[in-house]
file work00.cif (mmCIF, C-alpha atoms)
data_run
#
loop_
_atom_site.label_atom_id
_atom_site.label_comp_id
_atom_site.auth_asym_id
_atom_site.auth_seq_id
_atom_site.Cartn_x
_atom_site.Cartn_y
_atom_site.Cartn_z
CA MET A 1 -27.02 -4.29 -9.77
CA ALA A 2 -27.83 -6.14 -6.60
CA ILE A 3 -25.51 -5.71 -3.64
CA HIS A 4 -25.30 -8.65 -1.22
CA CYS A 5 -24.17 -6.79 1.85
CA ASN A 6 -25.36 -3.75 3.71
CA PRO A 7 -25.14 -0.88 1.17
CA LEU A 8 -23.43 1.25 3.81
CA LEU A 9 -20.71 -1.35 4.30
CA HIS A 10 -20.28 -1.42 0.53
CA GLN A 11 -19.97 2.35 0.51
CA PHE A 12 -17.41 2.28 3.29
CA ILE A 13 -15.28 -0.21 1.34
CA LEU A 14 -15.49 2.12 -1.67
CA GLN A 15 -14.43 5.09 0.49
CA LEU A 16 -11.28 3.17 1.40
CA ALA A 17 -10.75 1.97 -2.16
CA ASP A 18 -11.26 5.39 -3.74
CA ASN A 19 -8.93 7.06 -1.24
CA ALA A 20 -6.23 4.58 -2.16
CA LEU A 21 -6.80 4.82 -5.91
CA VAL A 22 -6.99 8.60 -6.15
CA LEU A 23 -3.95 9.25 -3.96
CA GLY A 24 -2.04 6.45 -5.70
CA HIS A 25 -2.85 7.96 -9.08
CA ARG A 26 -1.83 11.44 -7.98
CA ILE A 27 1.49 10.25 -6.59
CA SER A 28 2.11 8.16 -9.72
CA GLU A 29 2.03 11.40 -11.72
CA TRP A 30 5.49 12.04 -10.28
CA CYS A 31 6.90 8.95 -11.96
CA GLY A 32 9.71 10.16 -14.21
CA HIS A 33 9.50 13.69 -12.75
CA GLY A 34 10.95 13.22 -9.25
CA PRO A 35 13.49 15.77 -8.06
CA VAL A 36 16.20 13.08 -7.90
CA LEU A 37 16.22 9.42 -8.87
CA GLU A 38 15.86 8.05 -5.32
CA GLN A 39 12.79 10.20 -4.66
CA ASP A 40 11.29 9.32 -8.01
CA ILE A 41 11.63 5.64 -7.08
CA ALA A 42 10.29 6.22 -3.58
CA LEU A 43 7.19 8.00 -4.88
CA ALA A 44 6.58 5.32 -7.51
CA ASN A 45 6.85 2.66 -4.79
CA ILE A 46 4.38 4.46 -2.57
CA ALA A 47 1.96 4.97 -5.47
CA LEU A 48 2.16 1.25 -6.13
CA ASP A 49 1.33 0.45 -2.50
CA HIS A 50 -1.78 2.62 -2.67
CA ILE A 51 -2.94 1.17 -5.98
CA GLY A 52 -2.34 -2.36 -4.70
CA GLN A 53 -4.41 -1.58 -1.62
CA ALA A 54 -7.13 -0.08 -3.84
CA ARG A 55 -7.29 -3.35 -5.77
CA MET A 56 -7.83 -5.40 -2.61
CA TYR A 57 -10.70 -3.15 -1.52
CA TYR A 58 -12.27 -3.09 -5.00
CA GLN A 59 -12.06 -6.90 -5.16
CA LEU A 60 -13.83 -7.08 -1.82
CA ALA A 61 -16.51 -4.62 -2.96
CA ALA A 62 -16.97 -6.57 -6.21
CA SER A 63 -17.44 -9.80 -4.27
CA PHE A 64 -20.62 -8.28 -2.82
CA GLU A 65 -22.09 -7.01 -6.08
CA ASP A 66 -23.62 -9.02 -8.94
CA GLY A 67 -21.74 -8.62 -12.19
CA ALA A 68 -19.08 -6.31 -10.76
CA THR A 69 -15.33 -6.81 -11.02
CA GLU A 70 -12.51 -4.86 -9.40
CA ASP A 71 -12.33 -2.81 -12.60
CA SER A 72 -15.99 -1.74 -12.57
CA TYR A 73 -15.44 0.84 -9.85
CA PRO A 74 -12.34 2.72 -11.03
CA TYR A 75 -13.29 2.69 -14.71
CA GLN A 76 -17.06 2.77 -14.92
CA ARG A 77 -18.17 5.33 -12.37
CA ASP A 78 -18.28 9.05 -12.95
CA VAL A 79 -17.07 11.76 -10.56
CA ARG A 80 -20.22 11.70 -8.42
CA GLY A 81 -19.76 7.99 -7.74
CA PHE A 82 -16.35 8.46 -6.12
CA ARG A 83 -16.16 8.59 -2.33
CA ASN A 84 -12.55 9.70 -1.77
CA LEU A 85 -11.51 12.51 0.53
CA LEU A 86 -11.14 15.88 -1.22
CA LEU A 87 -7.57 16.32 -0.01
CA LEU A 88 -6.42 13.32 -2.03
CA GLU A 89 -7.60 14.69 -5.37
CA MET A 90 -5.66 17.94 -4.92
CA GLU A 91 -2.99 18.49 -7.53
CA ASN A 92 0.67 17.73 -6.88
CA LYS A 93 1.87 21.32 -7.54
CA ASP A 94 5.38 21.16 -6.08
CA PHE A 95 7.17 18.60 -3.92
CA GLY A 96 6.10 20.49 -0.77
CA TYR A 97 2.40 20.29 -1.64
CA THR A 98 2.71 16.63 -2.60
CA LEU A 99 4.43 15.68 0.65
CA THR A 100 2.10 17.79 2.80
CA ARG A 101 -0.92 16.09 1.25
CA SER A 102 0.62 12.70 2.02
CA PHE A 103 1.70 13.77 5.50
CA PHE A 104 -1.81 14.80 6.60
CA TYR A 105 -3.32 11.70 5.07
CA ASP A 106 -0.67 9.11 6.06
CA GLN A 107 -1.03 10.02 9.72
CA PHE A 108 -4.82 9.61 9.45
CA HIS A 109 -4.53 6.47 7.32
CA TYR A 110 -2.33 4.75 9.90
CA LEU A 111 -4.77 5.41 12.74
CA LEU A 112 -7.72 4.37 10.60
CA LEU A 113 -6.07 1.05 9.72
CA GLU A 114 -5.28 0.49 13.38
CA ALA A 115 -8.96 1.00 14.17
CA ILE A 116 -9.98 -1.41 11.40
CA ILE A 117 -7.53 -4.05 12.67
CA GLN A 118 -9.15 -3.80 16.11
CA SER A 119 -12.64 -3.97 14.62
CA ASP A 120 -15.06 -6.84 14.07
CA HIS A 121 -14.96 -7.05 10.27
CA LYS A 122 -12.85 -10.02 9.19
CA ALA A 123 -12.21 -9.22 5.51
CA LEU A 124 -11.39 -5.57 6.18
CA LYS A 125 -9.11 -6.59 9.04
CA GLU A 126 -7.15 -8.85 6.70
CA ILE A 127 -6.60 -6.08 4.17
CA ALA A 128 -5.76 -3.53 6.86
CA SER A 129 -3.20 -5.88 8.47
CA GLN A 130 -1.46 -6.16 5.12
CA ALA A 131 -1.71 -2.43 4.31
CA ILE A 132 -0.56 -1.04 7.66
CA LYS A 133 2.91 -2.49 7.15
CA GLU A 134 3.27 -0.38 4.04
CA VAL A 135 1.66 2.68 5.56
CA ARG A 136 4.26 2.66 8.34
CA TYR A 137 6.82 3.44 5.67
CA HIS A 138 4.59 6.10 4.16
CA CYS A 139 4.27 7.85 7.53
CA ARG A 140 7.97 7.85 8.04
CA TYR A 141 8.69 9.10 4.54
CA SER A 142 6.27 12.01 4.60
CA SER A 143 7.17 13.04 8.19
CA ASP A 144 10.89 12.96 7.40
CA TRP A 145 10.31 15.21 4.42
CA MET A 146 8.18 17.64 6.43
CA LYS A 147 11.13 18.02 8.80
CA ARG A 148 13.67 18.32 6.04
CA LEU A 149 11.69 20.89 4.08
CA GLY A 150 10.32 22.80 7.07
CA ASP A 151 13.64 22.98 8.84
CA GLY A 152 15.57 23.35 5.59
CA THR A 153 16.21 26.51 3.63
CA GLU A 154 14.18 29.67 3.86
CA GLU A 155 12.55 28.87 0.54
CA SER A 156 11.71 25.24 1.35
CA HIS A 157 10.26 26.39 4.69
CA GLN A 158 8.06 29.01 3.06
CA ARG A 159 6.85 26.68 0.35
CA VAL A 160 5.92 23.82 2.66
CA GLN A 161 4.26 26.21 5.13
CA LYS A 162 2.15 27.51 2.26
CA ALA A 163 1.12 23.95 1.44
CA VAL A 164 0.26 23.22 5.10
CA ASP A 165 -1.91 26.35 5.25
CA ALA A 166 -3.61 25.55 1.95
CA PHE A 167 -4.38 21.89 2.62
CA TYR A 168 -5.36 22.05 6.28
CA MET A 169 -8.94 23.01 5.43
CA TYR A 170 -9.40 19.64 3.73
CA THR A 171 -8.41 17.60 6.77
CA GLY A 172 -11.60 18.23 8.77
CA GLU A 173 -13.42 15.92 6.40
CA PHE A 174 -11.38 12.96 7.67
CA PHE A 175 -13.34 13.02 10.90
CA MET A 176 -16.79 14.09 9.69
CA PRO A 177 -18.66 10.80 9.56
CA SER A 178 -20.62 9.87 6.45
CA ALA A 179 -23.62 7.59 6.77
CA ALA A 180 -21.25 4.73 5.95
CA ASP A 181 -18.82 5.80 8.70
CA GLU A 182 -21.66 5.96 11.21
CA TYR A 183 -22.81 2.49 10.23
CA MET A 184 -19.30 1.09 10.62
CA ALA A 185 -18.93 2.71 14.03
CA ALA A 186 -22.21 1.21 15.23
CA GLU A 187 -21.86 -2.24 13.68
CA PHE A 188 -18.14 -2.93 13.54
CA ASN A 189 -16.61 -0.59 16.08
CA ILE A 190 -14.61 1.44 13.54
CA ASN A 191 -14.97 4.94 14.87
CA ILE A 192 -13.21 7.70 12.92
CA GLU A 193 -14.17 10.42 15.36
CA SER A 194 -12.24 8.66 18.10
CA ILE A 195 -8.91 8.98 16.27
CA LYS A 196 -9.08 12.73 15.72
CA GLU A 197 -7.31 13.68 18.92
CA LYS A 198 -4.42 11.31 18.33
CA TRP A 199 -4.10 12.57 14.75
CA LEU A 200 -3.93 16.20 15.89
CA GLU A 201 -1.34 15.30 18.48
CA ASN A 202 0.86 13.49 15.94
CA ILE A 203 0.51 16.26 13.35
CA GLN A 204 1.40 18.92 15.89
CA ALA A 205 4.48 17.06 17.05
CA VAL A 206 5.89 16.70 13.54
CA LEU A 207 5.04 20.27 12.54
CA GLN A 208 6.73 21.56 15.64
CA GLU A 209 9.86 19.58 14.94
CA SER A 210 9.72 20.87 11.38
CA THR A 211 9.60 24.49 12.67
CA LEU A 212 6.29 24.83 10.86
CA ALA A 213 3.27 26.63 12.26
CA MET A 214 0.11 24.68 12.94
CA PRO A 215 -2.72 26.37 11.03
CA GLN A 216 -5.32 28.24 13.08
CA ASP A 217 -8.70 26.63 13.53
CA THR A 218 -10.50 27.10 10.30
CA TRP A 219 -13.62 26.28 8.38
CA PHE A 220 -13.34 22.81 6.90
CA GLN A 221 -14.37 21.90 3.38
CA LYS A 222 -16.20 18.60 2.90
CA GLY A 223 -18.02 16.68 0.20
CA GLY A 224 -15.79 13.86 -1.01
CA LYS A 225 -17.49 11.14 1.00
CA THR A 226 -20.85 12.05 -0.52
CA GLY A 227 -19.53 12.35 -4.07
CA VAL A 228 -19.37 16.17 -4.20
CA HIS A 229 -15.89 16.77 -5.57
CA THR A 230 -13.70 19.57 -6.82
CA GLU A 231 -13.25 19.91 -10.58
CA LYS A 232 -9.79 18.39 -10.13
CA LEU A 233 -11.15 14.86 -9.78
CA GLY A 234 -12.86 15.12 -13.18
CA PHE A 235 -9.56 15.80 -14.89
CA LEU A 236 -7.88 12.99 -12.99
CA LEU A 237 -10.59 10.52 -14.03
CA ALA A 238 -10.50 11.73 -17.62
CA GLU A 239 -6.93 10.51 -17.78
CA LEU A 240 -7.43 7.40 -15.65
CA GLN A 241 -10.52 6.22 -17.53
CA TYR A 242 -9.71 7.32 -21.05
CA ILE A 243 -8.91 3.90 -22.52
CA GLN A 244 -11.93 2.18 -20.98
CA ARG A 245 -14.23 5.00 -22.08
CA ALA A 246 -12.87 4.99 -25.63
CA TYR A 247 -12.72 1.19 -25.95
CA PRO A 248 -15.11 -0.29 -23.37
CA ASN A 249 -13.95 -3.58 -21.82
CA MET A 250 -10.72 -3.67 -23.78
CA ASN A 251 -7.89 -5.79 -22.41
CA TRP A 252 -4.14 -5.67 -22.74
CA MET B 1 -2.72 -42.06 -6.53
CA ASN B 2 -0.72 -41.48 -3.37
CA ALA B 3 -1.66 -38.06 -2.07
CA MET B 4 1.30 -37.75 0.30
CA THR B 5 3.86 -38.49 -2.41
CA ASN B 6 2.14 -36.05 -4.73
CA HIS B 7 2.15 -33.40 -2.05
CA ARG B 8 5.93 -33.71 -1.82
CA ASP B 9 6.22 -33.72 -5.59
CA ILE B 10 4.28 -30.48 -5.80
CA TYR B 11 6.57 -28.81 -3.30
CA GLN B 12 9.49 -29.99 -5.40
CA VAL B 13 7.94 -28.29 -8.43
CA LEU B 14 7.28 -25.14 -6.40
CA GLU B 15 10.97 -25.08 -5.42
CA THR B 16 11.73 -24.45 -9.09
CA VAL B 17 9.39 -21.45 -9.44
CA LEU B 18 11.43 -18.31 -8.84
CA ASP B 19 10.39 -14.83 -7.80
CA PRO B 20 10.79 -12.84 -11.06
CA GLU B 21 12.08 -9.81 -9.13
CA VAL B 22 14.59 -11.76 -7.04
CA PRO B 23 15.35 -14.66 -9.38
CA VAL B 24 17.37 -16.69 -6.87
CA LEU B 25 14.52 -17.17 -4.41
CA SER B 26 11.89 -19.80 -5.01
CA VAL B 27 8.33 -19.16 -3.93
CA VAL B 28 8.92 -21.70 -1.14
CA ASP B 29 12.06 -19.84 0.07
CA LEU B 30 10.10 -16.61 0.00
CA GLY B 31 7.45 -18.14 2.28
CA ILE B 32 4.48 -17.14 0.19
CA VAL B 33 3.13 -20.68 -0.30
CA ARG B 34 0.64 -21.00 2.53
CA LYS B 35 -1.04 -24.28 1.73
CA VAL B 36 -1.18 -27.03 -0.86
CA ARG B 37 -4.25 -29.26 -0.74
CA LEU B 38 -6.13 -31.71 -2.92
CA ASP B 39 -9.76 -30.72 -3.28
CA ARG B 40 -12.02 -32.97 -5.37
CA GLY B 41 -9.27 -33.87 -7.80
CA THR B 42 -7.85 -30.36 -8.10
CA TRP B 43 -4.63 -29.26 -6.43
CA GLN B 44 -5.22 -25.96 -4.69
CA VAL B 45 -2.14 -23.85 -4.08
CA ASP B 46 -2.70 -20.90 -1.73
CA ILE B 47 -0.20 -18.05 -1.97
CA CYS B 48 -0.12 -14.69 -0.20
CA PRO B 49 1.07 -11.33 -1.53
CA THR B 50 4.26 -9.80 -0.15
CA TYR B 51 3.33 -6.17 -0.74
CA SER B 52 -0.19 -5.14 -1.80
CA GLY B 53 0.96 -3.59 -5.04
CA CYS B 54 3.60 -6.16 -5.91
CA PRO B 55 3.37 -6.51 -9.69
CA ALA B 56 5.18 -9.85 -9.53
CA LEU B 57 2.29 -11.64 -7.86
CA ASP B 58 0.23 -12.29 -10.99
CA VAL B 59 3.34 -13.47 -12.81
CA ILE B 60 4.18 -15.80 -9.92
CA ALA B 61 0.68 -17.29 -9.97
CA LEU B 62 0.99 -17.90 -13.71
CA ASP B 63 4.49 -19.40 -13.35
CA ILE B 64 3.24 -21.80 -10.66
CA LYS B 65 0.36 -22.92 -12.86
CA VAL B 66 2.66 -23.49 -15.85
CA ALA B 67 5.26 -25.37 -13.78
CA LEU B 68 2.59 -27.66 -12.31
CA ASP B 69 1.08 -28.28 -15.75
CA GLN B 70 4.47 -29.25 -17.12
CA ALA B 71 5.10 -31.58 -14.20
CA GLY B 72 1.87 -33.40 -14.97
CA PHE B 73 -0.39 -31.78 -12.38
CA GLU B 74 -2.83 -30.39 -14.93
CA ASN B 75 -5.65 -29.98 -12.45
CA SER B 76 -4.36 -27.17 -10.32
CA GLN B 77 -5.54 -23.79 -9.20
CA VAL B 78 -3.60 -20.95 -7.59
CA ASN B 79 -5.48 -18.86 -5.02
CA TYR B 80 -4.57 -15.63 -3.28
CA VAL B 81 -5.05 -15.63 0.47
CA LEU B 82 -4.75 -12.73 2.89
CA ASP B 83 -5.58 -14.48 6.12
CA GLU B 84 -2.32 -13.58 7.79
CA PRO B 85 -0.13 -10.89 6.26
CA TRP B 86 3.17 -12.12 4.84
CA THR B 87 6.26 -11.29 6.82
CA THR B 88 9.97 -11.58 6.03
CA ASP B 89 10.14 -13.97 9.03
CA TRP B 90 8.78 -16.56 6.59
CA ILE B 91 11.82 -16.38 4.31
CA SER B 92 13.70 -19.67 4.76
CA GLU B 93 17.28 -19.98 5.99
CA SER B 94 18.39 -21.18 2.58
CA GLY B 95 16.52 -18.23 1.07
CA ARG B 96 18.50 -15.83 3.25
CA LYS B 97 21.78 -17.42 2.16
CA LYS B 98 20.77 -17.21 -1.50
CA LEU B 99 19.88 -13.53 -1.11
CA LYS B 100 23.26 -12.69 0.36
CA GLU B 101 25.11 -14.64 -2.33
CA TYR B 102 23.10 -12.74 -4.92
CA GLY B 103 24.26 -9.42 -3.42
CA ILE B 104 21.06 -8.51 -1.57
CA ALA B 105 21.36 -8.06 2.20
CA PRO B 106 18.77 -10.36 3.85
CA PRO B 107 16.32 -8.88 6.40
CA VAL B 108 17.94 -8.15 9.77
CA GLY B 109 15.87 -9.41 12.69
CA SER B 110 12.08 -9.42 12.84
CA PRO B 111 9.65 -6.66 11.92
CA ASP B 112 8.69 -4.55 14.89
CA LYS B 113 4.92 -4.69 14.83
CA LEU B 114 4.44 -1.95 17.39
CA ALA B 115 6.58 0.76 15.84
CA VAL B 116 4.93 3.46 13.76
CA ASN B 117 8.33 4.06 12.26
CA PRO B 118 10.27 1.03 11.13
CA ASP B 119 13.40 1.31 13.20
CA ASP B 120 16.87 1.73 11.79
CA ARG B 121 18.97 -1.38 11.97
CA THR B 122 22.59 -2.09 11.23
CA VAL B 123 22.62 -3.85 7.90
CA PRO B 124 25.90 -5.63 7.09
CA CYS B 125 27.18 -5.23 3.54
CA PRO B 126 26.42 -8.45 1.59
CA ILE B 127 29.70 -8.10 -0.31
CA CYS B 128 32.37 -7.30 2.32
CA ASP B 129 30.37 -7.91 5.56
CA SER B 130 31.28 -4.47 6.91
CA THR B 131 28.73 -2.99 9.31
CA ASP B 132 29.70 0.54 8.29
CA THR B 133 26.76 1.00 5.93
CA VAL B 134 24.22 3.75 5.40
CA MET B 135 20.69 3.81 4.02
CA VAL B 136 20.39 5.92 0.88
CA SER B 137 16.64 5.50 0.50
CA ALA B 138 13.99 3.44 2.27
CA PHE B 139 12.56 2.65 -1.15
CA GLY B 140 14.60 0.66 -3.65
CA SER B 141 14.25 -0.98 -7.03
CA THR B 142 11.24 -3.00 -5.90
CA ALA B 143 8.70 -2.58 -3.10
CA CYS B 144 10.50 -5.09 -0.89
CA LYS B 145 13.94 -3.47 -0.94
CA SER B 146 15.75 -0.43 0.41
CA LEU B 147 18.82 1.13 -1.10
CA PHE B 148 22.04 1.08 0.95
CA LYS B 149 25.65 2.04 0.48
CA CYS B 150 28.70 0.43 2.10
CA ASN B 151 31.21 2.92 3.48
CA SER B 152 33.97 0.30 3.54
CA CYS B 153 33.90 -1.15 0.03
CA LEU B 154 31.87 1.79 -1.33
CA GLU B 155 29.48 -0.53 -3.18
CA PRO B 156 25.78 0.32 -3.30
CA PHE B 157 23.51 -2.62 -2.44
CA ASP B 158 19.89 -3.60 -1.99
CA TYR B 159 18.54 -4.55 1.41
CA PHE B 160 15.52 -6.86 1.64
CA LYS B 161 13.69 -4.87 4.29
CA CYS B 162 12.03 -6.33 7.35
CA HIS B 163 8.33 -6.50 6.74
#

call {"tool": "encode", "arguments": {"input": "work00.cif", "output": "structure tokens"}}
result
Amino acid sequence: MAIHCNPLLHQFILQLADNALVLGHRISEWCGHGPVLEQDIALANIALDHIGQARMYYQLAASFEDGATEDSYPYQRDVRGFRNLLLLEMENKDFGYTLTRSFFYDQFHYLLLEAIIQSDHKALKEIASQAIKEVRYHCRYSSDWMKRLGDGTEESHQRVQKAVDAFYMYTGEFFMPSAADEYMAAEFNINIESIKEKWLENIQAVLQESTLAMPQDTWFQKGGKTGVHTEKLGFLLAELQYIQRAYPNMNW
Amino acid sequence: MNAMTNHRDIYQVLETVLDPEVPVLSVVDLGIVRKVRLDRGTWQVDICPTYSGCPALDVIALDIKVALDQAGFENSQVNYVLDEPWTTDWISESGRKKLKEYGIAPPVGSPDKLAVNPDDRTVPCPICDSTDTVMVSAFGSTACKSLFKCNSCLEPFDYFKCH
């Protein structure tokens, strides 16, 4: 179907939307399973923020495409169509893995939104200005937990360190520009490479306070932004899309 | 038809539409009504979301439409606008009083736009006014609230967080 904006801008919007949807869905899997009631509620709230942000981006993307609605993208694309970062499709495993995944991403997400707010794209700026208020809370929540788990018991320390070591290899992708990222840097002054240093600095500070070791420089996995995903996303979408696949266009 | 009178009438109707999650605050108290205008015979009501994922927003839009219909403004349309992000600064004085009477501590001060971490503030207990309170969780029963506990009267309470 015809797209009425630069296809790379459209792709960039979908990167943002898919990041929000996939992480929101993953975190929502905790609903009813949180370690204590307050954390269950906190995670459900955060999942809701991400899914709400995803809707705003999907609505924007749909406004540029003939015949599309905000539902077309989450429900009618297959794995290869998704543009989310690989880190965000990783499974929850335990609370340490879940919070580490959020921690790495929240710190990036905040800086990215800041860059978008300072950019020259009006509609994206509006969404980012709304979202950053929520993401401030996300950053605080995940950093606080890194400190509590890292500087907690011997077991919590070991488990969260394991998660940090396992997930670090997926963070390099944040700063590897896709064609869409390059377009946005050139046209709208949203430059993801420029926030890498600040991200590293912030991550290091929190890890240090958490008594956790910063992983050694490593080889970084990539692929999410070009639609090359791990098998985990397929399972996630199978659940997310089941109703629409079984009963196309059904409504509540 | 006198547009000015109608404009006031519409605001009066909007005063009766309550936030389903905080059913003492009207949408006007909450500060989410950004503009009411007459456009080629249709009343356009612009509202903004509080939180991106707030599930109440669609219900609010529907409630506004129904209330206007019932008041005789059948030609109306509710639009979502994002132009400026909503802030708790837009909650009216009467809204803040209603919140406290309802047992929810109103937002303390203004949101700090520069802080990465929303700062901790002293939140007085809405029941006994003690300032000896502690945050139990930054996330409460809805996106807009945090969970607090009062060390004086020992009651738990919701705090409408600065946003």

call {"tool": "residues_around", "arguments": {"input": "work00.cif", "residues": "segment 80-87 of chain B", "least_positions_apart": "2", "cutoff": "12 Å", "atoms": "all atoms listed in the file", "output": "PDB file with C-alpha atoms, in the frame of the given file"}}
result
ATOM      1  CA  MET A  56      -7.830  -5.400  -2.610  1.00  0.00           C
ATOM      2  CA  GLN A  59     -12.060  -6.900  -5.160  1.00  0.00           C
ATOM      3  CA  LEU A  60     -13.830  -7.080  -1.820  1.00  0.00           C
ATOM      4  CA  ILE A 117      -7.530  -4.050  12.670  1.00  0.00           C
ATOM      5  CA  LYS A 122     -12.850 -10.020   9.190  1.00  0.00           C
ATOM      6  CA  ALA A 123     -12.210  -9.220   5.510  1.00  0.00           C
ATOM      7  CA  LEU A 124     -11.390  -5.570   6.180  1.00  0.00           C
ATOM      8  CA  LYS A 125      -9.110  -6.590   9.040  1.00  0.00           C
ATOM      9  CA  GLU A 126      -7.150  -8.850   6.700  1.00  0.00           C
ATOM     10  CA  ILE A 127      -6.600  -6.080   4.170  1.00  0.00           C
ATOM     11  CA  ALA A 128      -5.760  -3.530   6.860  1.00  0.00           C
ATOM     12  CA  SER A 129      -3.200  -5.880   8.470  1.00  0.00           C
ATOM     13  CA  GLN A 130      -1.460  -6.160   5.120  1.00  0.00           C
ATOM     14  CA  ALA A 131      -1.710  -2.430   4.310  1.00  0.00           C
ATOM     15  CA  ILE A 132      -0.560  -1.040   7.660  1.00  0.00           C
ATOM     16  CA  LYS A 133       2.910  -2.490   7.150  1.00  0.00           C
ATOM     17  CA  GLU A 134       3.270  -0.380   4.040  1.00  0.00           C
TER      18      GLU A 134
ATOM     19  CA  LEU B  30      10.100 -16.610   0.000  1.00  0.00           C
ATOM     20  CA  GLY B  31       7.450 -18.140   2.280  1.00  0.00           C
ATOM     21  CA  ILE B  32       4.480 -17.140   0.190  1.00  0.00           C
ATOM     22  CA  VAL B  33       3.130 -20.680  -0.300  1.00  0.00           C
ATOM     23  CA  ARG B  34       0.640 -21.000   2.530  1.00  0.00           C
ATOM     24  CA  LYS B  35      -1.040 -24.280   1.730  1.00  0.00           C
ATOM     25  CA  GLN B  44      -5.220 -25.960  -4.690  1.00  0.00           C
ATOM     26  CA  VAL B  45      -2.140 -23.850  -4.080  1.00  0.00           C
ATOM     27  CA  ASP B  46      -2.700 -20.900  -1.730  1.00  0.00           C
ATOM     28  CA  ILE B  47      -0.200 -18.050  -1.970  1.00  0.00           C
ATOM     29  CA  CYS B  48      -0.120 -14.690  -0.200  1.00  0.00           C
ATOM     30  CA  PRO B  49       1.070 -11.330  -1.530  1.00  0.00           C
ATOM     31  CA  THR B  50       4.260  -9.800  -0.150  1.00  0.00           C
ATOM     32  CA  TYR B  51       3.330  -6.170  -0.740  1.00  0.00           C
ATOM     33  CA  SER B  52      -0.190  -5.140  -1.800  1.00  0.00           C
ATOM     34  CA  LEU B  57       2.290 -11.640  -7.860  1.00  0.00           C
ATOM     35  CA  ASP B  58       0.230 -12.290 -10.990  1.00  0.00           C
ATOM     36  CA  ILE B  60       4.180 -15.800  -9.920  1.00  0.00           C
ATOM     37  CA  ALA B  61       0.680 -17.290  -9.970  1.00  0.00           C
ATOM     38  CA  GLN B  77      -5.540 -23.790  -9.200  1.00  0.00           C
ATOM     39  CA  VAL B  78      -3.600 -20.950  -7.590  1.00  0.00           C
ATOM     40  CA  ASP B  89      10.140 -13.970   9.030  1.00  0.00           C
ATOM     41  CA  TRP B  90       8.780 -16.560   6.590  1.00  0.00           C
ATOM     42  CA  ILE B  91      11.820 -16.380   4.310  1.00  0.00           C
ATOM     43  CA  SER B  92      13.700 -19.670   4.760  1.00  0.00           C
ATOM     44  CA  PRO B 107      16.320  -8.880   6.400  1.00  0.00           C
ATOM     45  CA  GLY B 109      15.870  -9.410  12.690  1.00  0.00           C
ATOM     46  CA  SER B 110      12.080  -9.420  12.840  1.00  0.00           C
ATOM     47  CA  PRO B 111       9.650  -6.660  11.920  1.00  0.00           C
ATOM     48  CA  ASP B 112       8.690  -4.550  14.890  1.00  0.00           C
ATOM     49  CA  LYS B 113       4.920  -4.690  14.830  1.00  0.00           C
ATOM     50  CA  CYS B 144      10.500  -5.090  -0.890  1.00  0.00           C
ATOM     51  CA  PHE B 160      15.520  -6.860   1.640  1.00  0.00           C
ATOM     52  CA  LYS B 161      13.690  -4.870   4.290  1.00  0.00           C
ATOM     53  CA  CYS B 162      12.030  -6.330   7.350  1.00  0.00           C
ATOM     54  CA  HIS B 163       8.330  -6.500   6.740  1.00  0.00           C
TER      55      HIS B 163
END

call {"tool": "interface_residues", "arguments": {"input": "work00.cif", "of": "chain A", "to": "chain B", "cutoff": "12 Å", "atoms": "only C-alpha atoms", "output": "ChimeraX atom specification"}}
result
/A:20-21,24,36-57,59-60,106-107,109-111,113-114,117,122-144,202

call {"tool": "resolve_selection", "arguments": {"input": "work00.cif", "expression": "the PyMOL selection byres ((chain A and resi 72) around 12)", "output": "MDAnalysis selection string"}}
result
chainID A and resid 1 14 55 58:59 61:63 65:71 73:78 81 241 244:245 248:249

call {"tool": "resolve_selection", "arguments": {"input": "work00.cif", "expression": "the PyMOL selection byres ((chain B and resi 67-73) around 8)", "output": "PyMOL selection string"}}
result
chain B and resi 10+13-14+17+43+63-66+74-76

call {"tool": "residues_around", "arguments": {"input": "work00.cif", "residues": "Ala163 of chain A", "least_positions_apart": "6", "cutoff": "7 Å", "atoms": "all atoms listed in the file", "output": "number ranges by chain"}}
result
A: 96-97, 100

call {"tool": "atom_distance", "arguments": {"input": "work00.cif", "atom1": "atom CA of Leu16 of chain A", "atom2": "atom CA of Ile3 of chain A"}}
result
17.5 Å

call {"tool": "resolve_selection", "arguments": {"input": "work00.cif", "expression": "the PyMOL selection byres ((chain B and resi 125-130) around 12)", "output": "ChimeraX atom specification"}}
result
/B:96-108,122-124,131-135,147-160

call {"tool": "residues_around", "arguments": {"input": "work00.cif", "residues": "Phe167 of chain A", "least_positions_apart": "6", "cutoff": "12 Å", "atoms": "all atoms listed in the file", "output": "ChimeraX atom specification"}}
result
/A:85-93,96-105,160-161,173,214-215,218-221

call {"tool": "atom_distance", "arguments": {"input": "work00.cif", "atom1": "atom CA of Gln204 of chain A", "atom2": "atom CA of Ala115 of chain A"}}
result
20.8 Å

call {"tool": "atom_distance", "arguments": {"input": "work00.cif", "atom1": "atom CA of Ser156 of chain A", "atom2": "atom CA of Ile27 of chain A"}}
result
19.8 Å

call {"tool": "residues_around", "arguments": {"input": "work00.cif", "residues": "Tyr183 of chain A", "least_positions_apart": "4", "cutoff": "8 Å", "atoms": "only C-alpha atoms", "output": "tab-separated table (two decimals) with C-alpha atoms, in the frame of the given file"}}
result
chain	number	residue	atom	x	y	z
A	8	LEU	CA	-23.43	1.25	3.81
A	9	LEU	CA	-20.71	-1.35	4.30
A	179	ALA	CA	-23.62	7.59	6.77
A	187	GLU	CA	-21.86	-2.24	13.68
A	188	PHE	CA	-18.14	-2.93	13.54

call {"tool": "residues_around", "arguments": {"input": "work00.cif", "residues": "Asp151 of chain A", "least_positions_apart": "4", "cutoff": "6 Å", "atoms": "only C-alpha atoms", "output": "PyMOL selection string"}}
result
chain A and resi 147+210-211
